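*Asks:* This is the structure I have questions about; it appears just below.
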Amino acid sequence: MSLGKRTDWPDDAGNADGSGNTGSTAASGSTGKQQTAQQQKKVEKIVLQYLKSKGYKDAEKALRENASLDGIETTLADLASAFPGNEVGADASVPNWILFYNEAEQGNPDAYSQSYRELRRWIDSSLDVYKHELYAASYPIFVHSYMDLLARGLAEKAEEFMHLYSGDHVVNHTNDIAMLATLRTASHVAENSLATLFRSNKYGVRMTRVGFELLLSFLQDHNHTLLMRTVNEHLNIRTIDGTVPIASEADADVGITGHTQNQLDAFNSQEIMLGSAPIDQYVRDEVDRTLQSEAGRRTKDAVSKEASALLDTFSKVKQENAANALAARDSVPMPPPRGIEIEHQIASLKALRKRIALGPAALPSICMYTMHNTNDAMTCASISDDLSLMAAGFSESYVKIWSLKREPLRGFQSNFAPASVTKEDDIEAIREPTSSDHRKLVAHSGPVFGVDISFDSKYLVS
């Protein structure tokens with residue numbers, strides 16, 4: 001399959017004819033560099049026209065200064081005569097000019113991987129206030145780059161691309177990534193419902209004006225015209241004014257109308273069943289039969305009394321098991337029950353009766369919580385002495401605190417005047433009207449490596 005113009009590589013001496021005449025090769029290379037520079041200049045003019053049409057004056061001014069385009073007022077009609085019509089189409093509009101991408105990238109099967117890798121490195125090194133919106137914009141770029149590789153018949157490159165970069169988005173788009181990973185050919189892209197949805201609709205992304213200008217400047221400065229084409233064709237970027245940054249990737253990820261976004265939030269909203277697996281019906285019946293047989297003895301000896309107590313305990317266990325266990329035993333593959341399980345179940349009931357009931361007078365000596373979907377970002381945690389609060393620090397420069405009693409954690413409003421607080425009732429008046437049992441505290445400038453709660457649960461140190 002041809003990926004671009006064929007190049008006859010030179011022989012040992014570096015020439016096409018092997019004659020040792022290197023002068024023509026050097027001249028040809030110099031001419032190629034001049035053509036590339038001219039082509040780059042034309043692309044810069046295209047981007048300049050796009051920024052001007054959108055009213056991005058600051059970005060336009062910066063581009064004029066950095067690319068030495070001051071005084072150049074090229075019209076689209078002038079640009080129309082500079083490129084072959086089959087590359088950008090007959091319609092000389094700004095969006096069509098953004099579709100142009102140079103021949104070097106078109107013929108390079110690694111262009112998508114190289115461009116996307118540089119984009120992700122740039123986002124990782126960007127200011128934290130713009131990372132959320134830039135990460136959200138990188139997701140549709142990733143999807144269309146992957147589908148473009150499949151459409152061009154580069155299945156191996158597409159599989160490698162998915163393997164290298166799908167981890168960037170698998171947390172927030174688990175279902176989409178799983179479905180896209182099953183595509184293997186161009187026909188799959190044409191027939192798959194999710195791929196068709198992405199191809200026929202623009203993906204909405206909410207960005208601040210500064211964040212959008214930074215993204216455009218990066219793509220233009222690094223000559224990532226393939227990614228620029230994807231942004232123009234498949235993204236619907238909605239810029240917002242103001243200095244308040246976008247708080248999370250979910251707020252920036254608008255997505256496609258009718259398609260579920262924020263799949264992590266939807267997954268986390270499901271009820272988690274962390275109980276043990278349901279007791280097999282055969283084991284349950286046999287334990288019941290054994291305990292009833294021992295409890296029904298005519299001679300009320302110690303064995304009979306213990307069996308009666310175990311029978312009562314087993315009834316409570318069955319009720320708790322039905323309320324907290326998995327929906328069905330078949331949901332987790334289990335081996336067939338054996339007779340030894342009956343003895344094991346009775347031994348477990350005896351151990352259960354010896355446990356001390358927890359309460360205010362008998363607090364647990366060990367308290368364990370499992371944190372789900374932290375994506376290796378949680379670095380530390382602490383639980384208060386009275387087991388009422390739990391705090392955790394994260395590598396994303398914030399601390400999160402939970403009420404283990406599910407009581408609301410009400411902070412103070414940000415716009416209150418300290419001078420107005422003169423009595424205790426005023427303190428309650430300035431608290432936030434929220435019923436959330438957790439709070440996110442943002443103040444660190446780097447990863448949080450340690451948190452601790454005071455003995456009276458009034459102070460948190462991080």
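Note on naming: chains are A, B, ... as they come in the structure tokens, residues start from 1 per chain, ligands start from 1 in the order shown.
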Write out as a ChimeraX atom specification the residues lying within 10 Å of His224 in chain A, counting only C-alpha atoms and excluding same-chain residues fewer than 3 positions away.

*Replies:* /A:101-102,105,111-112,114-116,118-119,216,218-221,227-229

*Asks:* Mind writing the picked residues with C-alpha atoms as a CSV table (one decimal), in the first residue's frame?

*Replies:*
```csv
chain,number,residue,atom,x,y,z
A,101,TYR,CA,-1.6,19.0,6.1
A,102,ASN,CA,1.9,18.6,4.6
A,105,GLU,CA,3.1,13.9,7.7
A,111,ALA,CA,3.1,10.9,12.4
A,112,TYR,CA,0.0,10.4,14.6
A,114,GLN,CA,4.7,11.3,17.4
A,115,SER,CA,2.3,14.3,17.3
A,116,TYR,CA,0.1,12.9,20.0
A,118,GLU,CA,4.3,15.6,22.0
A,119,LEU,CA,0.8,16.9,22.7
A,216,LEU,CA,-3.7,26.5,18.9
A,218,PHE,CA,1.2,24.8,20.4
A,219,LEU,CA,-0.2,22.9,17.3
A,220,GLN,CA,1.0,25.7,15.0
A,221,ASP,CA,4.4,26.3,16.6
A,227,LEU,CA,-3.8,17.3,14.8
A,228,MET,CA,-4.9,20.8,13.7
A,229,ARG,CA,-7.0,19.1,11.0
```

*Asks:* For range 173-187 of chain A, work out the shell of residues within 9 Å, counting only C-alpha atoms and skipping chain neighbours fewer than 5 positions away, then give it as a short mmCIF file (atom, residue, chain, number, x, y, z; two decimals) with C-alpha atoms, in the first residue's frame.

*Replies:*
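Written file, around_36.cif:
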```cif
data_model
loop_
_atom_site.label_atom_id
_atom_site.label_comp_id
_atom_site.auth_asym_id
_atom_site.auth_seq_id
_atom_site.Cartn_x
_atom_site.Cartn_y
_atom_site.Cartn_z
CA TYR A 139 -9.56 12.65 24.10
CA VAL A 143 -10.04 8.73 19.11
CA TYR A 146 -6.73 5.95 16.10
CA MET A 147 -9.59 5.69 13.59
CA ASP A 148 -7.57 7.54 10.93
CA LEU A 149 -4.80 4.95 11.24
CA LEU A 150 -7.34 2.13 10.78
CA ALA A 151 -8.96 3.92 7.83
CA ARG A 152 -5.56 4.12 6.12
CA GLY A 153 -5.02 0.37 6.59
CA LEU A 154 -2.33 0.73 9.27
CA ALA A 155 -3.81 -1.81 11.67
CA GLU A 156 -0.54 -2.58 13.46
CA ALA A 158 -3.34 1.65 15.22
CA GLU A 159 -3.03 -1.22 17.71
CA MET A 162 -4.15 2.27 21.31
CA HIS A 163 -1.80 0.29 23.56
CA SER A 166 -5.42 4.46 25.85
CA ASN A 192 -19.19 0.33 14.20
CA LEU A 194 -19.53 4.32 18.16
CA ALA A 195 -17.05 5.08 15.38
CA GLN A 261 -20.04 11.16 28.95
CA ASN A 262 -18.28 11.04 32.33
CA GLN A 263 -18.52 7.25 32.33
CA LEU A 264 -16.47 7.10 35.53
#
```

*Asks:* Tell me which protein, DNA and RNA residues are within 12 Å of Lys354 in chain A, counting only C-alpha atoms, leaving out same-chain ones fewer than 4 positions away, and put them as a PDB file with N, CA, C and O atoms, in the first residue's frame.

*Replies:*
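Generated file (out28.pdb):
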```pdb
ATOM      1  N   ALA A 309     -28.422 -22.048  70.154  1.00  0.00           N
ATOM      2  CA  ALA A 309     -27.863 -20.702  70.005  1.00  0.00           C
ATOM      3  C   ALA A 309     -27.264 -20.495  68.614  1.00  0.00           C
ATOM      4  O   ALA A 309     -27.415 -19.434  67.993  1.00  0.00           O
ATOM      5  N   LEU A 310     -26.590 -21.524  68.107  1.00  0.00           N
ATOM      6  CA  LEU A 310     -26.015 -21.423  66.756  1.00  0.00           C
ATOM      7  C   LEU A 310     -27.109 -21.300  65.705  1.00  0.00           C
ATOM      8  O   LEU A 310     -26.934 -20.616  64.691  1.00  0.00           O
ATOM      9  N   THR A 313     -28.126 -17.714  65.637  1.00  0.00           N
ATOM     10  CA  THR A 313     -27.077 -16.926  64.972  1.00  0.00           C
ATOM     11  C   THR A 313     -27.108 -17.137  63.467  1.00  0.00           C
ATOM     12  O   THR A 313     -26.940 -16.189  62.683  1.00  0.00           O
ATOM     13  N   ALA A 347     -18.309 -24.113  62.145  1.00  0.00           N
ATOM     14  CA  ALA A 347     -17.165 -23.572  62.888  1.00  0.00           C
ATOM     15  C   ALA A 347     -17.152 -22.049  62.818  1.00  0.00           C
ATOM     16  O   ALA A 347     -16.811 -21.371  63.796  1.00  0.00           O
ATOM     17  N   SER A 348     -17.539 -21.480  61.670  1.00  0.00           N
ATOM     18  CA  SER A 348     -17.596 -20.024  61.531  1.00  0.00           C
ATOM     19  C   SER A 348     -18.667 -19.432  62.427  1.00  0.00           C
ATOM     20  O   SER A 348     -18.486 -18.347  62.996  1.00  0.00           O
ATOM     21  N   LEU A 349     -19.793 -20.132  62.577  1.00  0.00           N
ATOM     22  CA  LEU A 349     -20.859 -19.649  63.450  1.00  0.00           C
ATOM     23  C   LEU A 349     -20.398 -19.635  64.911  1.00  0.00           C
ATOM     24  O   LEU A 349     -20.727 -18.708  65.669  1.00  0.00           O
ATOM     25  N   LYS A 350     -19.647 -20.636  65.336  1.00  0.00           N
ATOM     26  CA  LYS A 350     -19.129 -20.672  66.696  1.00  0.00           C
ATOM     27  C   LYS A 350     -18.169 -19.513  66.948  1.00  0.00           C
ATOM     28  O   LYS A 350     -18.198 -18.890  68.026  1.00  0.00           O
TER      29      LYS A 350
END
```

*Asks:* So, counting only C-alpha atoms, which residue among A:Asp385, A:Glu343, A:Glu407, A:Glu249 is closest to Lys131 in chain A?

*Replies:*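 Of A:Asp385, A:Glu343, A:Glu407, A:Glu249, the one nearest Lys131 in chain A is A:Glu249, counting only C-alpha atoms.
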
*Asks:* Report, in Å with one decimal, the straight-line distance from CA of Tyr130 in chain A to CA of Arg238 in chain A.

*Replies:* 14.7 Å

*Asks:* According to DSSP computed on the backbone, where in range 149-284 of chain A is there strand (DSSP E)? Give the residues as a list in words.

*Replies:* Tyr203, Gly204, Val205, Arg206, Met207, Thr208, Leu235, Asn236, Ile237, Arg238, Thr239, Ile240, Asp253, Val254 and Gly255 of chain A

*Asks:* Please report, as a PyMOL selection string, each residue of range 184-264 of chain A to which DSSP assigns helix (DSSP H, G or I) when run on this structure's backbone.

*Replies:* chain A and resi 186-191+193-200+209-221+225-234+249-252+263-264

*Asks:* Please list as number ranges by chain every residue within 9 Å of Phe449 in chain A, counting only C-alpha atoms and excluding residues in the same chain fewer than 6 positions away.

*Replies:* A: 378-380, 393-395, 462
